[in-house]
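protein_33.txt (compact mmCIF, C-alpha atoms and all ligand atoms)
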```
# COMPACT_ATOMS: atom_id res chain seq x y z
CA MET A 1 11.92 37.77 -68.68
CA PRO A 2 11.22 37.64 -64.93
CA ILE A 3 12.65 40.33 -62.67
CA LYS A 4 15.51 38.83 -60.66
CA VAL A 5 15.38 39.88 -57.03
CA LEU A 6 17.85 39.18 -54.26
CA LEU A 7 16.59 39.47 -50.69
CA ILE A 8 19.15 39.78 -47.90
CA GLU A 9 17.15 39.05 -44.76
CA ASP A 10 17.93 36.92 -41.68
CA ASN A 11 14.36 36.52 -40.46
CA ASN A 12 12.75 33.48 -42.06
CA ASP A 13 9.19 34.73 -41.60
CA HIS A 14 10.01 37.91 -43.49
CA VAL A 15 11.50 35.91 -46.35
CA LEU A 16 8.34 33.79 -46.55
CA LEU A 17 6.19 36.91 -46.49
CA ALA A 18 8.12 38.48 -49.36
CA GLN A 19 7.81 35.25 -51.36
CA LYS A 20 4.07 35.22 -50.81
CA ILE A 21 3.66 38.87 -51.80
CA LEU A 22 5.60 38.41 -55.03
CA GLN A 23 3.72 35.22 -55.92
CA ARG A 24 0.45 37.04 -55.59
CA ALA A 25 1.60 40.14 -57.48
CA ASP A 26 0.94 40.67 -61.18
CA GLY A 27 4.55 40.74 -62.31
CA ASP A 28 6.88 37.84 -62.95
CA TYR A 29 9.58 37.63 -60.26
CA VAL A 30 12.35 35.25 -59.28
CA LEU A 31 13.38 35.64 -55.66
CA ASP A 32 16.69 34.46 -54.21
CA SER A 33 17.35 34.98 -50.55
CA VAL A 34 20.34 34.86 -48.22
CA LYS A 35 20.60 35.46 -44.50
CA ARG A 36 23.95 37.24 -44.18
CA ALA A 37 25.43 40.40 -45.66
CA LYS A 38 28.55 38.57 -46.76
CA LYS A 39 26.53 35.91 -48.58
CA GLY A 40 24.54 38.68 -50.23
CA LEU A 41 27.67 40.38 -51.52
CA ASP A 42 28.95 37.06 -52.89
CA LYS A 43 25.67 36.48 -54.68
CA MET A 44 25.68 39.97 -56.17
CA SER A 45 29.10 39.50 -57.65
CA GLN A 46 28.07 36.18 -59.21
CA THR A 47 24.66 37.12 -60.61
CA ASN A 48 23.29 40.28 -62.18
CA TYR A 49 20.22 41.05 -60.08
CA ASP A 50 17.63 43.52 -61.26
CA VAL A 51 16.79 44.56 -57.73
CA ILE A 52 18.44 43.94 -54.35
CA LEU A 53 16.29 44.12 -51.23
CA CYS A 54 18.29 44.40 -48.04
CA ASP A 55 17.08 44.33 -44.47
CA TYR A 56 18.56 47.26 -42.57
CA ARG A 57 19.77 45.32 -39.55
CA LEU A 58 21.59 42.12 -40.42
CA PRO A 59 23.58 39.96 -38.00
CA ASP A 60 26.92 40.75 -39.67
CA ALA A 61 26.38 44.32 -40.96
CA ASN A 62 23.80 47.02 -41.59
CA ALA A 63 22.38 47.88 -45.01
CA LEU A 64 24.48 51.02 -45.32
CA GLU A 65 27.66 49.00 -44.97
CA VAL A 66 26.38 46.42 -47.45
CA LEU A 67 25.57 49.16 -49.95
CA LYS A 68 28.99 50.79 -49.64
CA GLU A 69 30.76 47.48 -50.13
CA ALA A 70 28.50 46.49 -53.02
CA LYS A 71 29.23 49.78 -54.79
CA ARG A 72 32.93 49.13 -54.40
CA GLN A 73 32.52 45.83 -56.24
CA ILE A 74 29.81 46.61 -58.82
CA SER A 75 29.32 49.87 -60.67
CA ASP A 76 25.51 50.12 -60.60
CA VAL A 77 23.68 48.57 -57.65
CA PRO A 78 19.85 48.59 -57.71
CA PHE A 79 19.60 48.71 -53.92
CA VAL A 80 16.41 48.93 -51.85
CA VAL A 81 16.48 48.91 -48.04
CA ILE A 82 13.77 47.44 -45.83
CA THR A 83 13.45 48.23 -42.10
CA SER A 84 10.98 47.48 -39.38
CA ALA A 85 11.21 50.98 -37.91
CA GLY A 86 11.47 54.05 -40.10
CA SER A 87 14.12 56.64 -39.41
CA GLU A 88 14.42 59.68 -41.61
CA LYS A 89 18.07 60.12 -40.76
CA ILE A 90 18.90 56.63 -41.95
CA ALA A 91 16.76 57.06 -45.05
CA VAL A 92 18.55 60.28 -46.00
CA GLU A 93 21.95 58.72 -45.46
CA LEU A 94 20.98 55.69 -47.58
CA MET A 95 19.76 57.85 -50.44
CA LYS A 96 22.93 59.88 -50.26
CA GLN A 97 24.90 56.69 -50.69
CA GLY A 98 22.91 55.82 -53.78
CA ALA A 99 20.15 53.53 -52.52
CA TYR A 100 17.20 53.51 -54.93
CA ASP A 101 14.48 53.28 -52.33
CA TYR A 102 13.63 52.82 -48.65
CA LEU A 103 10.72 50.68 -47.41
CA VAL A 104 9.21 50.36 -43.94
CA LYS A 105 7.65 47.07 -42.93
CA ASP A 106 4.31 48.46 -41.82
CA SER A 107 0.75 47.85 -42.92
CA SER A 108 1.38 49.20 -46.42
CA TYR A 109 4.36 46.92 -47.02
CA GLU A 110 2.42 44.17 -48.76
CA SER A 111 0.75 46.51 -51.22
CA ILE A 112 3.78 48.60 -52.14
CA LEU A 113 6.59 46.03 -52.30
CA PRO A 114 5.91 44.94 -55.92
CA ALA A 115 5.54 48.56 -57.05
CA VAL A 116 8.85 49.53 -55.44
CA ILE A 117 10.56 46.55 -57.08
CA ASP A 118 9.11 47.47 -60.48
CA ARG A 119 10.15 51.10 -60.11
CA SER A 120 13.70 50.17 -59.09
CA PHE A 121 13.92 47.69 -61.94
CA ARG A 122 12.98 50.37 -64.48
CA ARG A 123 15.40 52.86 -62.98
CA HIS A 124 18.18 50.27 -63.08
CA LYS A 125 17.50 49.60 -66.74
CA ASP A 126 17.70 53.32 -67.46
CA VAL A 127 20.97 53.67 -65.58
CA ILE A 128 22.54 50.76 -67.44
CA GLY A 129 21.25 52.04 -70.78
CA ARG A 130 22.68 55.48 -70.10
CA ARG A 131 26.05 54.08 -69.07
CA LYS A 132 26.25 51.96 -72.22
CA ALA A 133 25.35 54.97 -74.35
CA GLU A 134 28.02 57.05 -72.60
CA GLU A 135 30.59 54.33 -73.19
CA SER A 136 29.82 54.01 -76.88
CA LEU A 137 29.84 57.79 -77.20
CA LYS A 138 33.30 57.82 -75.65
CA VAL A 139 34.52 55.16 -78.09
CA ALA A 140 33.01 57.07 -81.01
CA TYR A 141 34.64 60.28 -79.83
CA GLU A 142 38.07 58.64 -79.57
CA LYS A 143 37.65 57.23 -83.06
CA LEU A 144 36.61 60.61 -84.41
CA LYS A 145 39.62 62.26 -82.80
CA GLU A 146 41.92 59.69 -84.30
CA THR A 147 40.38 60.06 -87.77
CA GLN A 148 40.59 63.82 -87.50
CA GLU A 149 44.27 63.63 -86.63
CA GLU A 150 44.88 61.33 -89.57
CA LEU A 151 42.97 63.66 -91.83
CA ILE A 152 44.97 66.68 -90.71
CA GLN A 153 48.18 64.74 -91.25
CA SER A 154 47.23 63.63 -94.75
CA SER A 155 45.92 67.01 -95.87
CA LYS A 156 49.09 68.60 -94.54
CA MET A 157 51.02 66.08 -96.61
CA ALA A 158 48.96 66.77 -99.70
CA ALA A 159 49.49 70.54 -99.43
CA MET A 160 53.21 70.11 -98.83
CA GLY A 161 53.35 67.68 -101.72
CA GLN A 162 51.92 70.20 -104.16
CA LEU A 163 54.23 72.91 -102.93
CA ALA A 164 57.23 70.62 -103.14
CA ALA A 165 56.33 69.47 -106.64
CA GLY A 166 56.06 73.07 -107.81
CA ILE A 167 59.32 74.22 -106.28
CA SER A 168 61.34 71.23 -107.39
CA HIS A 169 60.05 71.61 -110.91
CA GLU A 170 61.10 75.27 -110.96
CA LEU A 171 64.51 74.49 -109.49
CA ASN A 172 65.30 71.77 -111.95
CA GLN A 173 65.86 74.01 -114.95
CA PRO A 174 68.26 76.56 -113.45
CA LEU A 175 70.10 73.71 -111.82
CA THR A 176 70.59 71.94 -115.13
CA GLY A 177 71.90 75.26 -116.43
CA ILE A 178 74.37 75.71 -113.57
CA LYS A 179 75.67 72.19 -113.96
CA GLY A 180 75.89 72.42 -117.73
CA PHE A 181 77.79 75.75 -117.74
CA ALA A 182 80.15 74.54 -115.02
CA GLN A 183 80.89 71.40 -116.99
CA ALA A 184 81.42 73.39 -120.16
CA ALA A 185 83.80 75.78 -118.37
CA LEU A 186 85.68 72.81 -116.92
CA MET A 187 86.24 71.44 -120.37
CA ASP A 188 87.53 74.78 -121.63
CA LEU A 189 90.07 75.17 -118.83
CA ASP A 190 93.60 73.84 -118.83
CA LYS A 191 94.16 70.86 -116.55
CA ASP A 192 96.36 72.83 -114.14
CA ASN A 193 94.12 75.90 -113.93
CA PRO A 194 93.40 76.67 -110.22
CA LEU A 195 89.72 77.22 -111.06
CA GLN A 196 89.38 73.52 -111.92
CA ALA A 197 88.87 72.54 -108.27
CA ASP A 198 86.24 75.22 -107.69
CA LEU A 199 84.28 74.30 -110.81
CA SER A 200 84.40 70.61 -109.89
CA LYS A 201 82.93 71.56 -106.53
CA ILE A 202 80.09 73.37 -108.33
CA VAL A 203 79.33 70.28 -110.41
CA GLU A 204 79.49 68.09 -107.30
CA GLN A 205 77.11 70.34 -105.36
CA ALA A 206 74.76 70.56 -108.33
CA ASP A 207 74.65 66.76 -108.38
CA ARG A 208 73.75 66.80 -104.73
CA MET A 209 70.94 69.21 -105.34
CA ASP A 210 69.78 67.00 -108.15
CA THR A 211 69.47 64.07 -105.74
CA ILE A 212 67.55 66.24 -103.32
CA ILE A 213 65.15 67.35 -106.04
CA LYS A 214 64.61 63.74 -107.08
CA ASN A 215 63.75 62.95 -103.47
CA VAL A 216 61.30 65.80 -103.30
CA GLN A 217 59.72 64.76 -106.55
CA PHE A 218 59.35 61.22 -105.27
CA PHE A 219 57.63 62.57 -102.20
CA ALA A 220 55.36 64.77 -104.26
CA LYS A 221 54.45 62.31 -106.96
CA LYS A 222 50.87 61.15 -106.71
CA SER A 223 50.58 57.50 -107.53
CA GLU A 224 52.46 55.22 -109.78
CA PHE A 225 52.34 52.21 -107.56
CA LYS A 226 52.51 48.80 -109.15
CA MET A 227 50.63 46.65 -106.70
CA ARG A 228 50.60 42.86 -106.55
CA PRO A 229 50.39 40.27 -103.78
CA ILE A 230 53.85 39.85 -102.26
CA ASP A 231 55.57 38.38 -99.24
CA ILE A 232 56.32 41.31 -96.95
CA ASN A 233 59.66 39.77 -95.97
CA LYS A 234 60.99 40.19 -99.48
CA PRO A 235 61.33 44.02 -99.58
CA ILE A 236 62.64 43.88 -96.02
CA GLN A 237 65.38 41.45 -97.04
CA ASP A 238 66.17 43.63 -100.06
CA ALA A 239 66.50 46.71 -97.87
CA PHE A 240 68.85 44.74 -95.59
CA MET A 241 71.00 43.79 -98.56
CA PHE A 242 71.52 47.43 -99.40
CA LEU A 243 72.53 48.44 -95.93
CA GLU A 244 74.10 45.33 -94.40
CA ALA A 245 77.72 46.21 -95.20
CA GLN A 246 77.27 49.82 -94.16
CA LEU A 247 75.69 48.92 -90.85
CA LYS A 248 78.60 46.61 -90.10
CA VAL A 249 81.01 49.52 -90.55
CA HIS A 250 78.89 51.52 -88.10
CA ASN A 251 79.13 48.63 -85.63
CA ILE A 252 75.37 48.10 -85.73
CA LYS A 253 73.94 44.63 -85.30
CA LEU A 254 70.90 43.74 -87.35
CA VAL A 255 68.53 41.24 -85.76
CA LYS A 256 65.72 39.72 -87.81
CA PHE A 257 62.62 37.93 -86.62
CA LEU A 258 60.80 37.35 -89.87
CA ALA A 259 57.77 35.08 -89.63
CA LYS A 260 57.51 32.44 -92.33
CA ASN A 261 54.44 31.66 -94.44
CA LEU A 262 52.73 34.96 -93.79
CA PRO A 263 49.69 35.80 -95.88
CA LYS A 264 50.51 38.04 -98.80
CA VAL A 265 50.06 41.81 -98.85
CA GLN A 266 48.94 43.83 -101.84
CA ALA A 267 52.00 45.98 -102.38
CA ASP A 268 54.58 47.57 -104.60
CA PRO A 269 57.83 45.91 -103.46
CA ASN A 270 60.02 48.77 -104.69
CA GLN A 271 58.06 51.33 -102.75
CA LEU A 272 58.09 49.23 -99.62
CA GLN A 273 61.80 48.70 -99.93
CA GLN A 274 62.22 52.46 -100.13
CA ALA A 275 60.12 52.90 -96.98
CA PHE A 276 62.07 50.27 -95.07
CA LEU A 277 65.38 51.77 -96.21
CA ASN A 278 64.29 55.11 -94.79
CA LEU A 279 63.44 53.54 -91.45
CA LEU A 280 66.75 51.69 -91.37
CA THR A 281 68.81 54.77 -92.17
CA ASN A 282 66.96 56.75 -89.51
CA ALA A 283 67.72 54.01 -87.00
CA ARG A 284 71.36 54.03 -88.10
CA ASP A 285 71.58 57.81 -87.60
CA ALA A 286 69.88 57.58 -84.21
CA ILE A 287 72.40 54.99 -83.03
CA ASP A 288 75.32 56.94 -84.46
CA SER A 289 74.17 60.06 -82.66
CA THR A 290 74.50 58.37 -79.27
CA LYS A 291 78.24 58.19 -79.96
CA ARG A 292 78.58 54.87 -78.18
CA HIS A 293 81.70 52.96 -79.02
CA GLN A 294 79.97 49.62 -78.99
CA GLY A 295 77.54 50.71 -81.71
CA GLY A 296 73.99 49.45 -81.31
CA GLN A 297 71.24 47.19 -82.51
CA ILE A 298 68.37 47.35 -84.95
CA SER A 299 65.75 44.64 -84.86
CA VAL A 300 63.10 44.00 -87.44
CA GLN A 301 60.16 41.74 -86.82
CA THR A 302 57.28 40.60 -88.97
CA LEU A 303 54.26 38.84 -87.52
CA LEU A 304 50.63 38.08 -88.10
CA ASP A 305 47.98 40.03 -86.26
CA ASN A 306 45.00 37.80 -86.79
CA ASP A 307 42.61 40.02 -84.89
CA ASN A 308 43.10 42.96 -87.17
CA LYS A 309 43.65 40.86 -90.25
CA SER A 310 46.95 42.62 -90.73
CA ILE A 311 50.64 41.97 -90.91
CA GLU A 312 52.77 43.83 -88.45
CA VAL A 313 56.26 45.04 -89.20
CA ILE A 314 58.21 46.39 -86.25
CA PHE A 315 61.47 48.31 -86.55
CA LYS A 316 63.22 48.85 -83.25
CA ASP A 317 66.50 50.57 -82.49
CA ASP A 318 68.44 51.40 -79.35
CA GLY A 319 69.43 54.83 -80.62
CA CYS A 320 68.85 58.27 -79.12
CA GLY A 321 65.04 57.96 -79.05
CA ILE A 322 62.63 60.78 -79.84
CA SER A 323 61.48 63.41 -77.39
CA LYS A 324 57.77 63.95 -76.86
CA LYS A 325 57.94 67.36 -78.48
CA THR A 326 59.79 66.11 -81.56
CA LEU A 327 57.39 63.18 -81.87
CA GLU A 328 54.57 65.47 -82.94
CA HIS A 329 56.45 66.58 -86.05
CA ILE A 330 58.44 63.63 -87.33
CA PHE A 331 56.05 62.73 -90.17
CA ASN A 332 55.93 66.30 -91.43
CA PRO A 333 57.83 66.87 -94.64
CA PHE A 334 61.05 68.85 -94.18
CA PHE A 335 61.07 68.32 -90.44
CA THR A 336 64.52 67.25 -89.32
CA THR A 337 66.66 67.45 -86.22
CA LYS A 338 69.75 66.62 -88.22
CA SER A 339 72.42 69.02 -89.48
CA PRO A 340 71.84 70.53 -92.94
CA ASP A 341 74.26 67.99 -94.38
CA GLY A 342 72.60 65.16 -92.52
CA GLY A 343 69.01 65.14 -93.64
CA MET A 344 66.22 66.90 -95.45
CA GLY A 345 63.43 65.68 -93.26
CA LEU A 346 61.71 63.84 -96.05
CA GLY A 347 62.37 60.22 -95.08
CA LEU A 348 59.45 59.67 -92.74
CA SER A 349 56.97 61.68 -94.80
CA ILE A 350 57.80 59.38 -97.70
CA VAL A 351 57.34 56.36 -95.43
CA TYR A 352 54.00 57.77 -94.31
CA ARG A 353 52.82 58.27 -97.84
CA ILE A 354 53.91 54.82 -98.96
CA VAL A 355 52.26 53.15 -95.98
CA ASN A 356 49.11 55.17 -96.60
CA ASN A 357 49.02 54.10 -100.23
CA HIS A 358 49.19 50.50 -99.07
CA LYS A 359 46.18 51.07 -96.80
CA GLY A 360 48.50 50.52 -93.88
CA LYS A 361 49.02 52.34 -90.64
CA ILE A 362 52.23 53.48 -89.02
CA THR A 363 52.61 54.26 -85.35
CA VAL A 364 55.65 55.23 -83.38
CA GLY A 365 56.56 54.47 -79.83
CA SER A 366 59.61 56.04 -78.31
CA LYS A 367 61.01 56.12 -74.86
CA GLU A 368 63.88 58.47 -74.75
CA PRO A 369 66.67 57.48 -74.27
CA GLU A 370 65.98 53.79 -74.74
CA GLY A 371 65.44 54.00 -78.47
CA THR A 372 62.60 54.06 -80.93
CA SER A 373 60.20 51.60 -82.45
CA PHE A 374 58.01 52.00 -85.49
CA LYS A 375 55.09 49.66 -86.04
CA ILE A 376 53.45 49.32 -89.41
CA ASN A 377 50.29 47.35 -90.03
CA PHE A 378 49.45 46.23 -93.54
CA PRO A 379 46.13 44.60 -94.36
CA PHE A 380 46.73 41.18 -95.83
CA VAL A 381 45.12 39.59 -98.83
CA GLU A 382 42.82 36.68 -98.06
CA GLU A 383 44.03 33.46 -99.71
CA GLU A 384 40.96 33.14 -101.94
CA HIS A 385 41.54 36.59 -103.45
CA ILE A 386 44.96 35.68 -104.83
CA HIS A 387 44.79 34.48 -108.38
N1 LIG B 1 64.75 55.88 -85.35
C1 LIG B 1 64.78 57.15 -84.97
N2 LIG B 1 65.34 57.50 -83.78
C2 LIG B 1 65.38 58.79 -83.38
N3 LIG B 1 64.86 59.82 -84.08
C3 LIG B 1 64.29 59.55 -85.25
C4 LIG B 1 64.21 58.20 -85.77
N4 LIG B 1 63.56 58.26 -86.94
C5 LIG B 1 63.26 59.55 -87.16
N5 LIG B 1 63.70 60.33 -86.17
C6 LIG B 1 63.51 61.80 -86.04
O1 LIG B 1 62.58 62.22 -87.00
C7 LIG B 1 63.14 63.24 -87.83
C8 LIG B 1 62.55 63.13 -89.21
O2 LIG B 1 62.97 61.94 -89.85
P1 LIG B 1 62.98 61.86 -91.41
O3 LIG B 1 63.45 60.53 -91.83
O4 LIG B 1 61.68 62.34 -91.93
O5 LIG B 1 64.04 62.98 -91.81
P2 LIG B 1 65.62 62.95 -91.63
O6 LIG B 1 66.11 61.58 -91.36
O7 LIG B 1 65.95 64.00 -90.65
O8 LIG B 1 66.07 63.39 -93.08
P3 LIG B 1 66.05 62.50 -94.42
O9 LIG B 1 65.30 61.27 -94.11
O10 LIG B 1 65.36 63.35 -95.43
O11 LIG B 1 67.46 62.25 -94.74
C9 LIG B 1 64.63 63.00 -87.75
O12 LIG B 1 65.35 64.18 -88.02
C10 LIG B 1 64.80 62.56 -86.31
O13 LIG B 1 64.79 63.65 -85.43
MG MG B 2 65.48 59.97 -92.55
```

Give the structure from this file in structure tokens form.
Amino acid sequence: MPIKVLLIEDNNDHVLLAQKILQRADGDYVLDSVKRAKKGLDKMSQTNYDVILCDYRLPDANALEVLKEAKRQISDVPFVVITSAGSEKIAVELMKQGAYDYLVKDSSYESILPAVIDRSFRRHKDVIGRRKAEESLKVAYEKLKETQEELIQSSKMAAMGQLAAGISHELNQPLTGIKGFAQAALMDLDKDNPLQADLSKIVEQADRMDTIIKNVQFFAKKSEFKMRPIDINKPIQDAFMFLEAQLKVHNIKLVKFLAKNLPKVQADPNQLQQAFLNLLTNARDAIDSTKRHQGGQISVQTLLDNDNKSIEVIFKDDGCGISKKTLEHIFNPFFTTKSPDGGMGLGLSIVYRIVNNHKGKITVGSKEPEGTSFKINFPFVEEEHIH
């Protein structure tokens, strides 16, 4: 590959001289030349030159001005300045501004021009190589940070899962006892005994605890997913069916943008339905908590992300939104901002686990107080893999 050189020089004789020198030199060079600074800058932005030679005094600018402007437009400029009279002050200033070299047109010019070009070319290659390495290091670092965060999140979940499984198992037995004895006592009492109401309350509360324990156990259970290729819209529609009537009562409008003919995802429809129900009930609570009379809106969208070979599901609500501080914790099990009656803080950790088990990814974007959006990406199954 020849070294591509741009010469910005208004004196024709000097251009011819440079051409002659480079023709005679050992290396392989291609020389373009322009007579004005402005033309030179245009050329630089169109072509990647390996070396730029610039006469110090040009009719429309001096080399220092050209260099400053070039650096504004291009990140690395392999810039060499040529003058007829040497001035140390100018040379120092040029180097300070990032010029690679400074050449005086004297008797040595002919012999050193090719060497200076070669040296600048090598330096330019180094600079570019280093910048590329820095960029890929930055990308790798970001990726590592992201993976580390995911790892922390999932190990936190695993630890909490074990703990939850243990506790809920232990609680189950005494709870069955409480409920059983209360029921037995109820049966023994006369219908009009004032203790009837209290005992019924005990049975009722024990039932509630039972539901909570079932939830915890679901969260803690490892894997009993029955995966098959399905249309992602199906569990979404099923989740809607469950909640449609209730959302109407809450004055919440449900808007659907479900893409048709999407590729299939490898999934357990029951699990996905459970995840989507959790997202919908969270959105419902967020809208309720704004206490607006006109209610609110939840929109659900499915679409194809061809670049990532994934299907995107987006849940958006115009509820209270999530503050930056809260955002850090929402996927943690037992984290809730709701009243003790309102929530256990398990919904999103279950969603996280389900999405994880589907090799998907969930991200949240919230701009308090405009509402919240959750985006889930599921990898889709290529047509030829469906049998
Ligand atoms: N759509 C949303 N808008 C605003 N805040 C939300 C939304 N979804 C989740 N959150 C916040 O994240 C917290 C955790 O949600 P998560 O579903 O895990 O638990 P929960 O809803 O509080 O309780 P549970 O789901 O067990 O009934 C919520 O308490 C709430 O602060
Ligand atoms: Mg919830």

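Non-sequential neighbours of Val127 of chain A (distance at most 12 Å, separation of 4 or more positions within a chain, only C-alpha atoms) are Asp50, Ser75, Asp76, Val77, Pro78, Tyr100, Ser120, Phe121, Arg122, Arg123, Arg131, Lys132, Ala133 and Glu134 of chain A.
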
Problem set entry | At most 9 Å from ligand LIG 1 (chain B) (all atoms listed in the file): residue list as a PyMOL selection string | chain A and resi 212+215+278-287+289+315-323+326-327+329-339+341-351+366+368+371-374

Would you put the residues from that selection into a file with C-alpha atoms, as a short mmCIF file (atom, residue, chain, number, x, y, z; two decimals), in the frame of the given file?
```
data_model
loop_
_atom_site.label_atom_id
_atom_site.label_comp_id
_atom_site.auth_asym_id
_atom_site.auth_seq_id
_atom_site.Cartn_x
_atom_site.Cartn_y
_atom_site.Cartn_z
CA ILE A 212 67.55 66.24 -103.32
CA ASN A 215 63.75 62.95 -103.47
CA ASN A 278 64.29 55.11 -94.79
CA LEU A 279 63.44 53.54 -91.45
CA LEU A 280 66.75 51.69 -91.37
CA THR A 281 68.81 54.77 -92.17
CA ASN A 282 66.96 56.75 -89.51
CA ALA A 283 67.72 54.01 -87.00
CA ARG A 284 71.36 54.03 -88.10
CA ASP A 285 71.58 57.81 -87.60
CA ALA A 286 69.88 57.58 -84.21
CA ILE A 287 72.40 54.99 -83.03
CA SER A 289 74.17 60.06 -82.66
CA PHE A 315 61.47 48.31 -86.55
CA LYS A 316 63.22 48.85 -83.25
CA ASP A 317 66.50 50.57 -82.49
CA ASP A 318 68.44 51.40 -79.35
CA GLY A 319 69.43 54.83 -80.62
CA CYS A 320 68.85 58.27 -79.12
CA GLY A 321 65.04 57.96 -79.05
CA ILE A 322 62.63 60.78 -79.84
CA SER A 323 61.48 63.41 -77.39
CA THR A 326 59.79 66.11 -81.56
CA LEU A 327 57.39 63.18 -81.87
CA HIS A 329 56.45 66.58 -86.05
CA ILE A 330 58.44 63.63 -87.33
CA PHE A 331 56.05 62.73 -90.17
CA ASN A 332 55.93 66.30 -91.43
CA PRO A 333 57.83 66.87 -94.64
CA PHE A 334 61.05 68.85 -94.18
CA PHE A 335 61.07 68.32 -90.44
CA THR A 336 64.52 67.25 -89.32
CA THR A 337 66.66 67.45 -86.22
CA LYS A 338 69.75 66.62 -88.22
CA SER A 339 72.42 69.02 -89.48
CA ASP A 341 74.26 67.99 -94.38
CA GLY A 342 72.60 65.16 -92.52
CA GLY A 343 69.01 65.14 -93.64
CA MET A 344 66.22 66.90 -95.45
CA GLY A 345 63.43 65.68 -93.26
CA LEU A 346 61.71 63.84 -96.05
CA GLY A 347 62.37 60.22 -95.08
CA LEU A 348 59.45 59.67 -92.74
CA SER A 349 56.97 61.68 -94.80
CA ILE A 350 57.80 59.38 -97.70
CA VAL A 351 57.34 56.36 -95.43
CA SER A 366 59.61 56.04 -78.31
CA GLU A 368 63.88 58.47 -74.75
CA GLY A 371 65.44 54.00 -78.47
CA THR A 372 62.60 54.06 -80.93
CA SER A 373 60.20 51.60 -82.45
CA PHE A 374 58.01 52.00 -85.49
#
```

Exercise. Do you know which residues are at most 12 Å from segment 257-262 of chain A counting all atoms listed in the file, after dropping those on the same chain fewer than 4 positions away, and could you put them as number ranges by chain?
Worked result: A: 229-237, 298-306, 309-316, 378-383

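Closest to Glu328 of chain A among A:Gln153, A:Asn193, A:Asn377, A:Ser84 is A:Gln153, based on all atoms listed in the file.
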
Problem set entry | Spatial neighbours of segment 175-181 of chain A, 9 Å, only C-alpha atoms, chain gap at least 2 places, as a ChimeraX atom specification | /A:171-173,183-186,202-207,209-210

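Proximity to Lys96 of chain A at 12 Å, evaluated using only C-alpha atoms and with sequence-adjacent residues fewer than 6 positions away removed, yields A:Leu64, A:Leu67, A:Lys68, A:Lys89, A:Ile90, A:Tyr102.
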
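Note that atom CA of Leu53 of chain A and atom CA of Val30 of chain A are 12.6 Å apart.
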
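Atom CA of Asp13 of chain A is found 14.6 Å from atom CA of Asp106 of chain A.
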
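Of the listed residues A:Tyr49, A:Thr290, A:Ala275, A:Leu195, the one whose atoms come nearest to ligand MG 2 (chain B) is A:Ala275, with distances taken using only C-alpha atoms and all ligand atoms.
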
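If all atoms listed in the file are the atoms counted, then among A:Gly161, A:Leu277, A:Gln19, A:Val116 the closest residue to ligand MG 2 (chain B) is A:Leu277.
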
Problem set entry | Protein, DNA and RNA residues within 12 Å of (23.4, 43.1, -49.2), all atoms listed in the file, as a ChimeraX atom specification | /A:5-10,33-45,49,51-71,73,77-82,99

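Separating atom CA of Ala182 of chain A from atom CA of Leu163 of chain A is a distance of 28.6 Å.
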
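Proximity of A:Lys324, A:Asp288, A:Ala18, A:Leu94 to Gly365 of chain A, computed with all atoms listed in the file, is greatest for A:Lys324.
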
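Distances to Met227 of chain A were evaluated for A:Gly296, A:Pro2, A:Pro269, A:Gly27 using all atoms listed in the file, and the minimum falls at A:Pro269.
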
For this session: Please write as a PyMOL selection string the list of polymer residues whose atoms come within 7 Å of (50.0, 61.3, -100.4), counting only C-alpha atoms and keeping to the coordinates of the file.
Result: chain A and resi 154+157-158+222+353
